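What follows is a single structure, written as structure tokens, with notes after it.
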Amino acid sequence: MLKGVSSGFGYLALAGLCAEAAEQSPLAPKTPHFAPRAKRVIFLCMRGGPSHVDTFDYKPQLQIDEGKPGIGRRGSRSRAKLLGSPWEFARHGQNGLNISELFPNVAKHADKLCLLNGMHTDLPNHPQAFVKMHTGNSQFVRPSLGAWTLYGLGTENKNLPGFIVLSPQTGLGGAQNYGSSFLPAIYQATPIRGSSRGGSGQINNITNPRVSKEAQRIQLDLVQSLNQEQLKKDVVNPAVEGVIESFELAFRMQSEVPQLMDINKEPAAIRQAYGIGNRATESFGRQCLLARRMAEAGVRFIELNYGNWDQHRTLKTSLERNCGATDQPIAALLADLEKRDMLKDTLVMWGGEFGRTPHAQNGDGRDHNNKGYTMWMAGGGVKGGIAHGKTDEYGYAAVDGKMHIHDWHATVLHLLGLNHKKLTFNYAGRDFRLTDVHGNVAKEILA
């Protein structure tokens, strides 16, 4: 808040400054529709559909009725038998959230978690559900959640991309999940590969060993003058505008990205807390630590990726391996953000494109389930220590506090101070938005 003025006038003064800056650069901080609860997002994307009934959605009746006939996707009896969870659940935190023994470290942060147990989406197929989770549409190419966020808010550090994806998925829609579609190209994600496999995770060609920075600036000025001349002729040319902005951002990134990506600057105790140095947790631990460093540096939207959670068989060994690889790093991220007083305005989200069935597949696996599953949020203005919504007694379908993926998107934007109905972009003769003509904010989970 600006000194010497009330909170309301301080917000208006800040809004005026942001509006003035936004005219200078499409990535400059912009005025939200209303006072935000969260400033940034860290999305822990679990590709493949984690089993909710084995992790965050305890179903005692499923344990009791194990071995009985299950229910198929169309509601008829299935040949597959109900499969109780092989893992114990226990109550954690002041409100006694039921969390599986697969996440012992995350469970210690139960009072920070808002479990969304009433999630559902349209299709049980990976490509369509994954793209819909990212863009709100599985039929057409549309801007991603991260791109909409950057378009609506800009970024806090002009020397860094505002939207970064660590270890992006190459399948299930690929770049479409992180793209800007009809939004200006500057709002698409910057992918950083190699950040989850013990490599440096550096962006390719971030330094130029042949030409000094001064010489690069002269070269860039020449190229940009040609681009500006073309733009004057075309008046409107999104492709050229995107090139101009991306060239300038790439030049500025050279001074900050190498230091940002160097996690060796972190104390040994911090790296150890994230599980770096442990073969099982090294991969996702590096991503989580990089995400914290990026959030601290002003990156607006950061997505981390870990998969595959598509366990049609070998559920016990595969799910234990996935949870073991991510549990400690996630818990460390939550603790680190809280210690730095950042969790209150950082929205951390966990989940995949759908869940799994309560009945067994191939004897020791679970099939896709889009009718009911769990995601969770923490920090960023959501209530902690609560379970919002629920599925039926077996975990087949959401029955209460139902939250469609459009509702999830609307709620995320709301927490960032954006009205999902007003965040629009005119394209092909109509105003488009992330939630299309759908979406309701889950006000019950707002702190």
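Chains: A, B, ... in order of the structure tokens. Residues: from 1 per chain. Ligands: from 1, in order shown.
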So which residues of range 130-367 of chain A fall under strand (DSSP E) by DSSP, listed as a list in words?
-> Phe163, Ile164, Val165, Leu166, Thr190, Pro191, Ile192, Phe301, Ile302, Glu303, Leu304, Asn305, Tyr306, Thr346, Leu347, Val348, Met349, Trp350, Gly351, Gly355, Arg356, Thr357, Pro358, His359, Ala360, Gln361, Gly365, Arg366 and Asp367 of chain A
Print the selection's residues with C-alpha atoms to a file, as a PDB file, in the first residue's frame.
```pdb
ATOM      1  CA  PHE A 163       4.721 -17.876 -17.844  1.00  0.00           C
ATOM      2  CA  ILE A 164       7.189 -20.764 -17.517  1.00  0.00           C
ATOM      3  CA  VAL A 165       6.625 -24.515 -17.893  1.00  0.00           C
ATOM      4  CA  LEU A 166       9.162 -26.912 -16.402  1.00  0.00           C
ATOM      5  CA  THR A 190       8.568 -20.417 -22.128  1.00  0.00           C
ATOM      6  CA  PRO A 191       9.342 -24.154 -21.853  1.00  0.00           C
ATOM      7  CA  ILE A 192      12.378 -25.283 -19.875  1.00  0.00           C
ATOM      8  CA  PHE A 301       2.524 -18.500 -13.656  1.00  0.00           C
ATOM      9  CA  ILE A 302       4.733 -21.575 -13.227  1.00  0.00           C
ATOM     10  CA  GLU A 303       3.740 -25.101 -14.201  1.00  0.00           C
ATOM     11  CA  LEU A 304       5.612 -28.212 -13.084  1.00  0.00           C
ATOM     12  CA  ASN A 305       5.013 -31.606 -14.666  1.00  0.00           C
ATOM     13  CA  TYR A 306       5.305 -35.111 -13.332  1.00  0.00           C
ATOM     14  CA  THR A 346       0.947 -17.824  -3.997  1.00  0.00           C
ATOM     15  CA  LEU A 347      -1.748 -20.201  -5.227  1.00  0.00           C
ATOM     16  CA  VAL A 348      -0.345 -23.745  -5.284  1.00  0.00           C
ATOM     17  CA  MET A 349      -2.476 -26.280  -7.210  1.00  0.00           C
ATOM     18  CA  TRP A 350      -2.108 -30.058  -7.544  1.00  0.00           C
ATOM     19  CA  GLY A 351      -3.901 -32.495  -9.817  1.00  0.00           C
ATOM     20  CA  GLY A 355      -9.109 -39.654 -11.582  1.00  0.00           C
ATOM     21  CA  ARG A 356      -9.400 -43.446 -11.521  1.00  0.00           C
ATOM     22  CA  THR A 357     -12.210 -45.951 -11.087  1.00  0.00           C
ATOM     23  CA  PRO A 358     -13.038 -47.665  -7.773  1.00  0.00           C
ATOM     24  CA  HIS A 359     -13.096 -51.018  -9.540  1.00  0.00           C
ATOM     25  CA  ALA A 360     -10.021 -52.950 -10.552  1.00  0.00           C
ATOM     26  CA  GLN A 361      -8.631 -53.195 -14.053  1.00  0.00           C
ATOM     27  CA  GLY A 365      -4.945 -51.359 -11.739  1.00  0.00           C
ATOM     28  CA  ARG A 366      -7.667 -48.731 -12.185  1.00  0.00           C
ATOM     29  CA  ASP A 367      -9.320 -47.323 -15.327  1.00  0.00           C
TER      30      ASP A 367
END
```
Spatial neighbours of range 168-179 of chain A, 12 Å, only C-alpha atoms, chain gap at least 5 places, as a CSV table (one decimal) with N, CA and C atoms, in the first residue's frame:
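selection-v5.csv written:
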```
chain,number,residue,atom,x,y,z
A,44,LEU,N,1.1,-27.8,-9.9
A,44,LEU,CA,1.8,-29.1,-9.9
A,44,LEU,C,1.0,-30.0,-10.7
A,45,CYS,N,1.3,-30.2,-12.0
A,45,CYS,CA,0.5,-31.0,-12.9
A,45,CYS,C,0.9,-32.4,-12.9
A,46,MET,N,0.0,-33.3,-12.6
A,46,MET,CA,0.3,-34.7,-12.5
A,46,MET,C,-0.4,-35.5,-13.6
A,47,ARG,N,0.3,-35.6,-14.7
A,47,ARG,CA,-0.2,-36.1,-16.0
A,47,ARG,C,-0.6,-37.6,-15.8
A,48,GLY,N,-1.8,-37.9,-16.3
A,48,GLY,CA,-2.2,-39.3,-16.4
A,48,GLY,C,-3.3,-39.7,-15.5
A,125,ASN,N,-10.8,-39.5,-21.8
A,125,ASN,CA,-9.6,-39.7,-22.6
A,125,ASN,C,-8.5,-38.7,-22.3
A,126,HIS,N,-7.3,-39.2,-22.2
A,126,HIS,CA,-6.2,-38.3,-21.8
A,126,HIS,C,-6.0,-37.1,-22.7
A,127,PRO,N,-5.9,-37.2,-24.0
A,127,PRO,CA,-5.6,-36.0,-24.8
A,127,PRO,C,-6.6,-34.9,-24.6
A,128,GLN,N,-7.9,-35.3,-24.7
A,128,GLN,CA,-9.0,-34.3,-24.6
A,128,GLN,C,-9.1,-33.7,-23.2
A,129,ALA,N,-9.0,-34.5,-22.2
A,129,ALA,CA,-9.1,-34.1,-20.8
A,129,ALA,C,-7.9,-33.2,-20.4
A,130,PHE,N,-6.7,-33.6,-20.9
A,130,PHE,CA,-5.5,-32.8,-20.5
A,130,PHE,C,-5.6,-31.4,-21.2
A,131,VAL,N,-5.9,-31.4,-22.4
A,131,VAL,CA,-6.0,-30.1,-23.1
A,131,VAL,C,-7.1,-29.2,-22.5
A,132,LYS,N,-8.3,-29.8,-22.1
A,132,LYS,CA,-9.4,-29.1,-21.5
A,132,LYS,C,-8.9,-28.5,-20.2
A,133,MET,N,-8.2,-29.3,-19.4
A,133,MET,CA,-7.7,-28.8,-18.1
A,133,MET,C,-6.8,-27.6,-18.3
A,134,HIS,N,-6.1,-27.5,-19.4
A,134,HIS,CA,-5.2,-26.4,-19.6
A,134,HIS,C,-5.8,-25.2,-20.3
A,135,THR,N,-6.8,-25.5,-21.2
A,135,THR,CA,-7.3,-24.4,-22.1
A,135,THR,C,-8.8,-24.2,-22.0
A,136,GLY,N,-9.5,-25.1,-21.3
A,136,GLY,CA,-11.0,-25.0,-21.2
A,136,GLY,C,-11.7,-25.5,-22.4
A,137,ASN,N,-11.0,-26.0,-23.4
A,137,ASN,CA,-11.6,-26.5,-24.6
A,137,ASN,C,-10.8,-27.7,-25.2
A,138,SER,N,-11.5,-28.8,-25.5
A,138,SER,CA,-10.8,-30.0,-26.1
A,138,SER,C,-11.0,-30.1,-27.6
A,139,GLN,N,-11.8,-29.2,-28.2
A,139,GLN,CA,-12.2,-29.4,-29.6
A,139,GLN,C,-11.4,-28.4,-30.5
A,140,PHE,N,-11.1,-27.2,-29.9
A,140,PHE,CA,-10.4,-26.2,-30.7
A,140,PHE,C,-9.2,-25.7,-30.0
A,141,VAL,N,-8.3,-25.1,-30.7
A,141,VAL,CA,-7.1,-24.6,-30.1
A,141,VAL,C,-7.4,-23.2,-29.5
A,142,ARG,N,-7.2,-23.2,-28.2
A,142,ARG,CA,-7.5,-22.0,-27.4
A,142,ARG,C,-6.4,-21.6,-26.5
A,143,PRO,N,-6.3,-20.4,-26.0
A,143,PRO,CA,-5.2,-20.0,-25.1
A,143,PRO,C,-5.3,-20.8,-23.8
A,144,SER,N,-4.1,-21.0,-23.2
A,144,SER,CA,-4.0,-21.7,-22.0
A,144,SER,C,-4.3,-20.9,-20.8
A,145,LEU,N,-4.5,-21.5,-19.6
A,145,LEU,CA,-4.8,-20.8,-18.4
A,145,LEU,C,-3.6,-19.9,-18.1
A,146,GLY,N,-2.4,-20.4,-18.2
A,146,GLY,CA,-1.3,-19.5,-18.0
A,146,GLY,C,-1.2,-18.3,-18.9
A,147,ALA,N,-1.6,-18.5,-20.2
A,147,ALA,CA,-1.6,-17.4,-21.1
A,147,ALA,C,-2.6,-16.3,-20.7
A,148,TRP,N,-3.8,-16.8,-20.4
A,148,TRP,CA,-4.9,-15.9,-20.0
A,148,TRP,C,-4.4,-15.1,-18.7
A,149,THR,N,-3.8,-15.8,-17.8
A,149,THR,CA,-3.3,-15.1,-16.6
A,149,THR,C,-2.3,-14.0,-16.9
A,150,LEU,N,-1.4,-14.3,-17.8
A,150,LEU,CA,-0.4,-13.3,-18.1
A,150,LEU,C,-1.0,-12.2,-18.9
A,163,PHE,N,5.4,-16.6,-17.8
A,163,PHE,CA,4.7,-17.9,-17.8
A,163,PHE,C,5.8,-18.9,-18.2
A,184,PRO,N,-1.9,-12.5,-28.2
A,184,PRO,CA,-0.5,-12.2,-28.7
A,184,PRO,C,0.5,-13.2,-28.3
A,185,ALA,N,1.4,-13.5,-29.1
A,185,ALA,CA,2.4,-14.6,-28.9
A,185,ALA,C,3.2,-14.4,-27.7
A,186,ILE,N,3.4,-13.2,-27.2
A,186,ILE,CA,4.2,-12.9,-26.0
A,186,ILE,C,3.6,-13.5,-24.8
A,187,TYR,N,2.4,-14.0,-24.8
A,187,TYR,CA,1.7,-14.5,-23.6
A,187,TYR,C,1.9,-16.1,-23.5
A,188,GLN,N,2.5,-16.7,-24.5
A,188,GLN,CA,2.6,-18.1,-24.4
A,188,GLN,C,3.8,-18.5,-23.5
A,189,ALA,N,3.8,-19.7,-23.1
A,189,ALA,CA,4.8,-20.2,-22.1
A,189,ALA,C,6.2,-20.3,-22.7
A,190,THR,N,7.2,-20.1,-21.8
A,190,THR,CA,8.6,-20.4,-22.1
A,190,THR,C,8.9,-21.8,-21.5
A,191,PRO,N,9.1,-22.8,-22.4
A,191,PRO,CA,9.3,-24.2,-21.9
A,191,PRO,C,10.8,-24.3,-21.4
A,192,ILE,N,11.0,-25.0,-20.3
A,192,ILE,CA,12.4,-25.3,-19.9
A,192,ILE,C,12.5,-26.8,-19.7
A,193,ARG,N,13.2,-27.4,-20.6
A,193,ARG,CA,13.3,-28.9,-20.6
A,193,ARG,C,14.6,-29.2,-19.8
A,194,GLY,N,14.6,-30.5,-19.3
A,194,GLY,CA,15.8,-30.9,-18.6
A,194,GLY,C,15.9,-30.5,-17.2
A,195,SER,N,14.9,-29.8,-16.7
A,195,SER,CA,14.9,-29.3,-15.3
A,195,SER,C,14.5,-30.4,-14.3
A,196,SER,N,14.0,-31.6,-14.8
A,196,SER,CA,13.6,-32.6,-13.9
A,196,SER,C,14.4,-33.9,-14.0
A,201,GLY,N,18.8,-27.6,-16.7
A,201,GLY,CA,17.5,-27.0,-17.0
A,201,GLY,C,17.6,-25.6,-17.6
A,287,GLN,N,12.4,-29.4,-9.8
A,287,GLN,CA,11.4,-28.6,-10.3
A,287,GLN,C,10.7,-27.7,-9.2
A,301,PHE,N,3.2,-17.2,-13.6
A,301,PHE,CA,2.5,-18.5,-13.7
A,301,PHE,C,3.6,-19.5,-14.0
A,302,ILE,N,3.7,-20.5,-13.1
A,302,ILE,CA,4.7,-21.6,-13.2
A,302,ILE,C,4.0,-22.9,-13.2
A,303,GLU,N,4.3,-23.7,-14.2
A,303,GLU,CA,3.7,-25.1,-14.2
A,303,GLU,C,4.9,-26.1,-14.1
A,304,LEU,N,4.7,-27.1,-13.2
A,304,LEU,CA,5.6,-28.2,-13.1
A,304,LEU,C,4.9,-29.5,-13.6
A,305,ASN,N,5.6,-30.4,-14.1
A,305,ASN,CA,5.0,-31.6,-14.7
A,305,ASN,C,5.7,-32.9,-14.1
A,306,TYR,N,4.8,-33.8,-13.7
A,306,TYR,CA,5.3,-35.1,-13.3
A,306,TYR,C,4.3,-36.2,-13.8
A,307,GLY,N,4.8,-37.2,-14.4
A,307,GLY,CA,3.9,-38.3,-14.8
A,307,GLY,C,4.8,-39.5,-15.2
A,308,ASN,N,4.2,-40.6,-15.2
A,308,ASN,CA,2.9,-40.9,-15.7
A,308,ASN,C,2.1,-41.6,-14.5
A,353,GLU,N,-5.6,-34.6,-15.1
A,353,GLU,CA,-6.8,-34.4,-16.0
A,353,GLU,C,-8.0,-35.1,-15.5
```
Closest of A:Asp327, A:Asp262, A:Glu320, A:Asp54 to Tyr373 in chain A - atom-to-atom distances counting only C-alpha atoms =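 Once distances to Tyr373 in chain A are computed over only C-alpha atoms, the minimum belongs to A:Asp54.
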Write out as a ChimeraX atom specification the residues lying within 7 Å of Leu446 in chain A, counting only C-alpha atoms and excluding same-chain residues fewer than 3 positions away.
-> /A:381-383,443
May I have the selected residues written with N, CA and C atoms, as a PDB file, in the first residue's frame?
```pdb
ATOM      1  N   GLY A 381      -5.204 -17.415  -0.849  1.00  0.00           N
ATOM      2  CA  GLY A 381      -6.561 -16.961  -0.560  1.00  0.00           C
ATOM      3  C   GLY A 381      -7.611 -18.041  -0.457  1.00  0.00           C
ATOM      4  N   VAL A 382      -7.208 -19.316  -0.405  1.00  0.00           N
ATOM      5  CA  VAL A 382      -8.196 -20.388  -0.215  1.00  0.00           C
ATOM      6  C   VAL A 382      -8.181 -20.842   1.241  1.00  0.00           C
ATOM      7  N   LYS A 383      -9.298 -21.387   1.686  1.00  0.00           N
ATOM      8  CA  LYS A 383      -9.380 -21.919   3.038  1.00  0.00           C
ATOM      9  C   LYS A 383      -8.500 -23.152   3.152  1.00  0.00           C
ATOM     10  N   LYS A 443     -17.148 -19.983  -4.237  1.00  0.00           N
ATOM     11  CA  LYS A 443     -16.970 -19.002  -3.165  1.00  0.00           C
ATOM     12  C   LYS A 443     -16.810 -19.654  -1.801  1.00  0.00           C
TER      13      LYS A 443
END
```
In Å to one decimal, how far is CA of Pro29 in chain A from CA of Leu160 in chain A?
->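 Calculated distance between CA of Leu160 in chain A and CA of Pro29 in chain A is 12.9 Å.
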With distances taken over only C-alpha atoms, the candidate from A:Leu220, A:Ala325, A:Val243, A:Leu123 nearest Gly372 in chain A is A:Leu123
What separates CA of Asp364 in chain A and CA of Arg279 in chain A is a distance of 26.1 Å
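Minimum distance to Met403 in chain A across A:Pro267, A:Gly363, A:Gly384, A:Gly439 (counting only C-alpha atoms) occurs at A:Gly439.
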Using CA of Ile244 in chain A and CA of Ala28 in chain A as the two end points, give the distance in Å to one decimal.
->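 Spanning CA of Ile244 in chain A to CA of Ala28 in chain A is a straight-line distance of 15.1 Å.
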Range 74-234 of chain A: residues DSSP assigns to alpha helix (DSSP H), reported as a compact mmCIF listing (two decimals) with N, CA and C atoms, in the first residue's frame:
```
# COMPACT_ATOMS: atom_id res chain seq x y z
N PRO A 104 2.86 -38.90 3.35
CA PRO A 104 3.11 -38.59 4.76
C PRO A 104 3.64 -37.18 4.99
N ASN A 105 4.43 -36.65 4.06
CA ASN A 105 4.98 -35.31 4.23
C ASN A 105 3.97 -34.22 3.89
N VAL A 106 3.24 -34.43 2.81
CA VAL A 106 2.18 -33.48 2.46
C VAL A 106 1.13 -33.44 3.55
N ALA A 107 0.85 -34.59 4.17
CA ALA A 107 -0.16 -34.67 5.23
C ALA A 107 0.18 -33.76 6.41
N HIS A 126 -7.30 -39.20 -22.24
CA HIS A 126 -6.19 -38.35 -21.83
C HIS A 126 -6.01 -37.09 -22.67
N PRO A 127 -5.88 -37.19 -24.00
CA PRO A 127 -5.59 -35.97 -24.78
C PRO A 127 -6.64 -34.89 -24.60
N GLN A 128 -7.92 -35.27 -24.70
CA GLN A 128 -8.99 -34.28 -24.60
C GLN A 128 -9.08 -33.69 -23.19
N ALA A 129 -8.99 -34.54 -22.17
CA ALA A 129 -9.11 -34.06 -20.80
C ALA A 129 -7.92 -33.19 -20.40
N PHE A 130 -6.72 -33.56 -20.87
CA PHE A 130 -5.51 -32.80 -20.53
C PHE A 130 -5.56 -31.41 -21.16
N VAL A 131 -5.95 -31.35 -22.44
CA VAL A 131 -6.03 -30.06 -23.12
C VAL A 131 -7.15 -29.22 -22.49
N LYS A 132 -8.26 -29.85 -22.13
CA LYS A 132 -9.37 -29.10 -21.52
C LYS A 132 -8.94 -28.53 -20.16
N MET A 133 -8.18 -29.30 -19.39
CA MET A 133 -7.70 -28.81 -18.11
C MET A 133 -6.83 -27.56 -18.30
N HIS A 134 -6.09 -27.51 -19.38
CA HIS A 134 -5.17 -26.40 -19.62
C HIS A 134 -5.82 -25.22 -20.34
N THR A 135 -6.78 -25.49 -21.23
CA THR A 135 -7.30 -24.42 -22.09
C THR A 135 -8.81 -24.21 -21.98
N LEU A 145 -4.55 -21.54 -19.65
CA LEU A 145 -4.80 -20.84 -18.39
C LEU A 145 -3.65 -19.89 -18.06
N GLY A 146 -2.41 -20.35 -18.25
CA GLY A 146 -1.26 -19.51 -17.98
C GLY A 146 -1.20 -18.29 -18.89
N ALA A 147 -1.55 -18.48 -20.17
CA ALA A 147 -1.55 -17.36 -21.12
C ALA A 147 -2.62 -16.34 -20.75
N TRP A 148 -3.80 -16.80 -20.38
CA TRP A 148 -4.87 -15.88 -19.95
C TRP A 148 -4.44 -15.10 -18.70
N THR A 149 -3.77 -15.79 -17.79
CA THR A 149 -3.31 -15.13 -16.56
C THR A 149 -2.32 -14.02 -16.88
N LEU A 150 -1.38 -14.32 -17.77
CA LEU A 150 -0.37 -13.33 -18.14
C LEU A 150 -1.00 -12.18 -18.91
N TYR A 151 -1.94 -12.49 -19.78
CA TYR A 151 -2.66 -11.47 -20.54
C TYR A 151 -3.43 -10.54 -19.60
N GLY A 152 -4.00 -11.11 -18.55
CA GLY A 152 -4.81 -10.31 -17.64
C GLY A 152 -4.02 -9.52 -16.63
N LEU A 153 -2.85 -10.01 -16.24
CA LEU A 153 -2.11 -9.39 -15.14
C LEU A 153 -0.72 -8.87 -15.50
N LYS A 213 27.62 -8.40 -25.45
CA LYS A 213 26.27 -7.91 -25.22
C LYS A 213 26.04 -6.58 -25.96
N GLU A 214 27.06 -5.73 -26.00
CA GLU A 214 26.94 -4.45 -26.68
C GLU A 214 26.71 -4.66 -28.18
N ALA A 215 27.46 -5.61 -28.76
CA ALA A 215 27.30 -5.89 -30.19
C ALA A 215 25.93 -6.51 -30.48
N GLN A 216 25.47 -7.36 -29.56
CA GLN A 216 24.13 -7.94 -29.73
C GLN A 216 23.07 -6.85 -29.75
N ARG A 217 23.24 -5.84 -28.89
CA ARG A 217 22.26 -4.76 -28.83
C ARG A 217 22.21 -4.00 -30.15
N ILE A 218 23.38 -3.80 -30.77
CA ILE A 218 23.42 -3.11 -32.07
C ILE A 218 22.71 -3.95 -33.13
N GLN A 219 23.01 -5.26 -33.14
CA GLN A 219 22.34 -6.16 -34.09
C GLN A 219 20.83 -6.14 -33.89
N LEU A 220 20.43 -6.22 -32.63
CA LEU A 220 19.00 -6.28 -32.32
C LEU A 220 18.30 -4.98 -32.72
N ASP A 221 18.96 -3.86 -32.50
CA ASP A 221 18.37 -2.58 -32.89
C ASP A 221 18.13 -2.52 -34.40
N LEU A 222 19.05 -3.07 -35.17
CA LEU A 222 18.88 -3.09 -36.62
C LEU A 222 17.68 -3.96 -37.01
N VAL A 223 17.63 -5.17 -36.44
CA VAL A 223 16.52 -6.08 -36.76
C VAL A 223 15.18 -5.47 -36.33
N GLN A 224 15.16 -4.86 -35.14
CA GLN A 224 13.91 -4.30 -34.64
C GLN A 224 13.46 -3.11 -35.48
N SER A 225 14.42 -2.35 -36.03
CA SER A 225 14.02 -1.23 -36.90
C SER A 225 13.31 -1.74 -38.16
N LEU A 226 13.78 -2.87 -38.68
CA LEU A 226 13.12 -3.49 -39.84
C LEU A 226 11.74 -4.01 -39.46
N ASN A 227 11.65 -4.62 -38.27
CA ASN A 227 10.35 -5.11 -37.81
C ASN A 227 9.36 -3.95 -37.62
N GLN A 228 9.84 -2.84 -37.07
CA GLN A 228 8.97 -1.69 -36.84
C GLN A 228 8.49 -1.09 -38.17
N GLU A 229 9.35 -1.08 -39.16
CA GLU A 229 8.96 -0.58 -40.48
C GLU A 229 7.85 -1.46 -41.07
N GLN A 230 7.99 -2.78 -40.91
CA GLN A 230 6.96 -3.69 -41.40
C GLN A 230 5.64 -3.48 -40.66
N LEU A 231 5.75 -3.23 -39.35
CA LEU A 231 4.55 -3.03 -38.54
C LEU A 231 3.84 -1.74 -38.94
N LYS A 232 4.59 -0.72 -39.29
CA LYS A 232 3.98 0.54 -39.74
C LYS A 232 3.18 0.32 -41.02
N LYS A 233 3.70 -0.51 -41.92
CA LYS A 233 3.00 -0.80 -43.18
C LYS A 233 1.74 -1.61 -42.93
N ASP A 234 1.85 -2.62 -42.02
CA ASP A 234 0.71 -3.51 -41.79
C ASP A 234 -0.31 -2.93 -40.81
```
Taking only C-alpha atoms into account, which of A:Ser167, A:Thr374, A:Gln272, A:Asn362 comes nearest Arg79 in chain A?
-> A:Asn362
